[in-house]
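Chemist: mmCIF, C-alpha atoms, file query06.cif:
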```
data_final
loop_
_atom_site.label_atom_id
_atom_site.label_comp_id
_atom_site.auth_asym_id
_atom_site.auth_seq_id
_atom_site.Cartn_x
_atom_site.Cartn_y
_atom_site.Cartn_z
CA MET G 192 31.04 -38.01 -37.80
CA MET G 193 33.92 -37.27 -35.47
CA ARG G 194 35.38 -40.12 -33.59
CA CYS G 195 36.43 -39.67 -30.03
CA ARG G 196 39.84 -41.27 -29.52
CA ARG G 197 40.89 -42.12 -26.06
CA ARG G 198 44.46 -41.54 -25.16
CA GLY G 199 46.35 -43.45 -22.53
CA VAL G 200 48.14 -46.68 -21.79
CA THR G 201 46.47 -50.06 -21.85
CA LEU G 202 46.93 -52.55 -19.08
CA LEU G 203 48.86 -54.88 -21.39
CA GLU G 204 51.33 -52.15 -22.35
CA MET G 205 51.88 -51.28 -18.70
CA LEU G 206 52.52 -54.94 -17.79
CA ILE G 207 55.06 -55.27 -20.60
CA VAL G 208 56.91 -52.14 -19.43
CA LEU G 209 56.92 -53.35 -15.81
CA ALA G 210 58.20 -56.78 -16.89
CA LEU G 211 61.05 -55.13 -18.83
CA ILE G 212 61.95 -52.94 -15.85
CA GLY G 213 61.92 -55.98 -13.56
CA LEU G 214 64.11 -57.95 -15.95
CA LEU G 215 66.58 -55.09 -16.25
CA ALA G 216 66.71 -54.66 -12.46
CA GLY G 217 67.22 -58.40 -11.98
CA LEU G 218 70.12 -58.43 -14.42
CA THR G 219 71.90 -55.37 -13.06
CA PHE G 220 71.42 -55.91 -9.30
CA PRO G 221 74.18 -58.54 -8.82
CA SER G 222 76.80 -56.40 -10.54
CA VAL G 223 75.75 -53.28 -8.65
CA SER G 224 75.81 -55.05 -5.27
CA SER G 225 79.18 -56.62 -6.13
CA GLY G 226 80.49 -53.16 -6.98
CA VAL G 227 79.27 -51.78 -3.66
CA ASP G 228 80.96 -54.67 -1.82
CA THR G 229 84.23 -54.03 -3.64
CA LEU G 230 83.96 -50.31 -2.91
CA ARG G 231 83.45 -51.00 0.82
CA LEU G 232 86.43 -53.35 0.88
CA SER G 233 88.69 -50.87 -0.94
CA SER G 234 87.58 -48.07 1.37
CA ALA G 235 88.23 -50.23 4.46
CA GLY G 236 91.71 -51.12 3.17
CA THR G 237 92.55 -47.49 2.54
CA SER G 238 91.20 -46.47 5.97
CA LEU G 239 93.24 -49.17 7.68
CA ALA G 240 96.41 -48.14 5.81
CA SER G 241 95.81 -44.54 6.85
CA PHE G 242 95.17 -45.62 10.46
CA LEU G 243 98.41 -47.60 10.60
CA ASN G 244 100.30 -44.72 9.00
CA GLY G 245 98.86 -42.44 11.70
CA ALA G 246 100.23 -44.76 14.39
CA LEU G 247 103.68 -44.81 12.78
CA ASN G 248 103.69 -41.01 12.41
CA ARG G 249 102.54 -40.47 15.98
CA ALA G 250 105.33 -42.65 17.34
CA GLU G 251 107.92 -40.76 15.29
CA ARG G 252 106.63 -37.20 15.81
CA ARG G 253 105.83 -37.43 19.50
CA GLN G 254 108.70 -39.75 20.43
CA GLN G 255 106.23 -42.13 22.08
CA ALA G 256 105.64 -45.85 21.97
CA VAL G 257 102.35 -46.61 20.21
CA GLU G 258 100.53 -49.90 20.62
CA ILE G 259 98.43 -51.23 17.72
CA THR G 260 95.85 -53.84 18.77
CA ILE G 261 94.03 -55.89 16.13
CA ASP G 262 90.93 -57.63 17.44
CA LEU G 263 89.34 -60.17 15.09
CA ARG G 264 86.35 -60.79 17.37
CA GLU G 265 85.41 -57.11 17.53
CA ASN G 266 86.43 -56.53 13.90
CA ALA G 267 88.35 -53.43 14.93
CA VAL G 268 91.84 -51.95 15.24
CA LEU G 269 92.87 -49.90 18.26
CA MET G 270 95.75 -47.44 18.71
CA ARG G 271 97.07 -46.37 22.12
CA SER G 272 100.09 -44.37 23.13
CA THR G 273 101.88 -43.58 26.34
CA GLU G 274 100.16 -40.18 26.36
CA SER G 275 97.42 -40.15 28.98
CA GLY G 276 93.95 -40.61 27.52
CA PHE G 277 95.03 -41.11 23.91
CA GLU G 278 93.14 -43.91 22.19
CA ARG G 279 91.83 -44.25 18.63
CA ARG G 280 89.58 -47.00 17.29
CA LEU G 281 88.88 -48.05 13.71
CA GLU G 282 85.92 -50.36 13.17
CA MET G 283 85.48 -52.14 9.88
CA PRO G 284 82.36 -51.20 7.91
CA THR G 285 79.41 -53.55 7.49
CA GLY G 286 80.25 -56.31 5.07
CA VAL G 287 84.01 -56.18 5.70
CA ARG G 288 85.70 -58.36 8.28
CA ILE G 289 89.24 -58.88 9.52
CA VAL G 290 90.14 -62.44 8.55
CA SER G 291 93.67 -62.78 9.87
CA VAL G 292 96.72 -60.97 11.16
CA LEU G 293 100.09 -61.66 9.58
CA PRO G 294 102.52 -63.10 10.46
CA PRO G 295 100.35 -65.89 11.84
CA GLU G 296 100.63 -66.82 15.48
CA ILE G 297 102.67 -69.90 16.32
CA VAL G 298 100.05 -70.97 18.86
CA GLU G 299 96.52 -69.76 18.09
CA SER G 300 95.30 -68.00 21.24
CA GLY G 301 92.21 -66.22 19.96
CA GLN G 302 93.32 -63.09 21.80
CA PRO G 303 93.75 -59.70 20.12
CA ARG G 304 97.20 -59.26 18.51
CA ARG G 305 99.34 -56.41 19.76
CA PHE G 306 102.23 -54.66 18.04
CA VAL G 307 104.34 -51.84 19.45
CA VAL G 308 105.84 -49.06 17.34
CA HIS G 309 108.84 -47.22 18.80
CA SER G 310 110.25 -43.88 17.76
CA GLY G 311 113.32 -44.35 15.59
CA GLY G 312 112.79 -48.10 15.44
CA THR G 313 111.92 -50.22 12.46
CA ALA G 314 108.27 -50.59 11.59
CA PRO G 315 106.71 -53.84 12.76
CA ARG G 316 106.32 -56.51 10.14
CA LEU G 317 102.58 -56.90 10.16
CA GLY G 318 99.72 -57.41 7.77
CA VAL G 319 95.96 -57.46 8.15
CA GLU G 320 93.83 -59.52 5.78
CA LEU G 321 90.37 -58.13 5.06
CA ALA G 322 87.53 -59.91 3.28
CA GLY G 323 84.24 -58.76 1.82
CA ASN G 324 80.91 -60.59 1.66
CA ARG G 325 81.53 -61.88 -1.85
CA GLY G 326 84.99 -63.31 -1.18
CA ALA G 327 87.13 -60.40 -2.39
CA ARG G 328 90.20 -59.94 -0.20
CA ARG G 329 92.81 -57.28 0.55
CA ILE G 330 95.94 -57.35 2.68
CA VAL G 331 97.17 -54.16 4.30
CA ARG G 332 100.89 -54.56 5.09
CA ILE G 333 103.46 -52.28 6.59
CA ASP G 334 106.57 -52.41 4.46
CA PRO G 335 109.35 -53.03 7.01
CA ILE G 336 111.93 -51.18 4.91
CA THR G 337 110.04 -47.98 4.10
CA GLY G 338 107.55 -48.11 6.98
CA VAL G 339 104.70 -47.25 4.64
CA PRO G 340 101.43 -49.22 4.76
CA GLN G 341 100.40 -50.70 1.41
CA VAL G 342 97.16 -52.32 0.25
CA GLU G 343 97.45 -55.51 -1.82
CA ARG G 344 94.59 -56.93 -3.82
CA LEU G 345 94.28 -60.71 -3.61
CA ALA G 346 92.47 -63.02 -6.00
CA ALA G 347 89.21 -64.45 -4.67
CA PRO G 348 89.50 -68.09 -3.53
#
```
Go ahead and render the structure in this file as structure tokens.

Modeler:
Amino acid sequence: MMRCRRRGVTLLEMLIVLALIGLLAGLTFPSVSSGVDTLRLSSAGTSLASFLNGALNRAERRQQAVEITIDLRENAVLMRSTESGFERRLEMPTGVRIVSVLPPEIVESGQPRRFVVHSGGTAPRLGVELAGNRGARRIVRIDPITGVPQVERLAAP
């Protein structure tokens, strides 16, 4: 007599596989989301350094005064020059916020901070502290000697 064997997956086997997949996803999700947060913060720091470098270069190449405005409330950085109609805006990505502008204000006004870059002048001594959702922080500073923006990684509090 020939036996007819059924092929397939039992319900118990499928539940075990789904439980293993769920466990694996639960274990890896925090590290993956932390990596995405760190990637966003690094990208925002690099973009801000490039934006500030663009302002410094524009002032030097075009022999124009360039104003850099850092607005904590809008979470954005703005660049304007004396050229009519020129304005650039850099908004921070989701999950990244501007925490503070360095050097700190003597009297906290809550207003956007403004810095002016002049052709042939020294670069302004400024820094912008960025923070991610998970507490990671970066500071983008303009080196007053070289005039080159640099990104510093800070330890989480």

Chemist: Please expand the PyMOL selection byres ((chain G and resi 288-290) around 8) into the concrete residues it hits in this file, giving the result as an NGL selection string.

Modeler: :G and (263 or 266-267 or 283-287 or 291-292 or 319-323)

Chemist: How big is the axis-aligned box around all listed atoms of range 295-300 of chain G once 4 Å goes on each side, and where's its centre, in Å to one decimal, as AutoDock Vina command-line options?

Modeler:
```
--center_x 99.0 --center_y -68.4 --center_z 16.5 --size_x 15.4 --size_y 13.1 --size_z 17.4
```

Chemist: Report as CSV: every residue of range 215-248 of chain G with an atom at most 10 Å from range 268-280 of chain G, its closest pair of atoms, and their distance in Å to one decimal, counting all atoms listed in the file, with rows sorted by chain and ascending residue number.

Modeler:
```
residue,atom,partner,partner_atom,distance
G:Leu239,CA,G:Val268,CA,8.2
G:Phe242,CA,G:Met270,CA,8.5
G:Leu243,CA,G:Met270,CA,8.5
G:Gly245,CA,G:Met270,CA,9.2
G:Ala246,CA,G:Met270,CA,6.8
```

Chemist: Only C-alpha atoms, please: the residues just picked out, written as a PDB file, in the coordinates of the input.

Modeler:
```pdb
ATOM      1  CA  LEU G 239      93.240 -49.170   7.680  1.00  0.00           C
ATOM      2  CA  PHE G 242      95.170 -45.620  10.460  1.00  0.00           C
ATOM      3  CA  LEU G 243      98.410 -47.600  10.600  1.00  0.00           C
ATOM      4  CA  GLY G 245      98.860 -42.440  11.700  1.00  0.00           C
ATOM      5  CA  ALA G 246     100.230 -44.760  14.390  1.00  0.00           C
TER       6      ALA G 246
END
```

Chemist: Tell me, in Å to one decimal, how far CA of Thr313 in chain G is from CA of Asn244 in chain G.

Modeler: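 Interatomic distance here is 13.3 Å.
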
Chemist: Within 10 Å of (103.0, -55.5, 11.5) in the file's own coordinates, which protein, DNA or RNA residues have an atom, counting only C-alpha atoms? List them as a PyMOL selection string.

Modeler: chain G and resi 243+259+292-294+304-308+314-319+331-335+338+340

Chemist: Using the chain letters and numbers from this file, what does the PyMOL selection byres ((chain G and resi 346) around 12) select? Give the answer as number ranges by chain.

Modeler: G: 322, 325-330, 343-345, 347-348

Chemist: Enter the distance from CA of Asn324 in chain G to CA of Gly226 in chain G, in Å, rounded to one decimal.

Modeler: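 Computing the Euclidean distance for CA of Asn324 in chain G and CA of Gly226 in chain G yields 11.4 Å.
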
Chemist: So what do you get for CA of Asn248 in chain G versus CA of Pro303 in chain G, distance-wise?

Modeler: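 We find that CA of Asn248 in chain G and CA of Pro303 in chain G lie 22.5 Å from each other.
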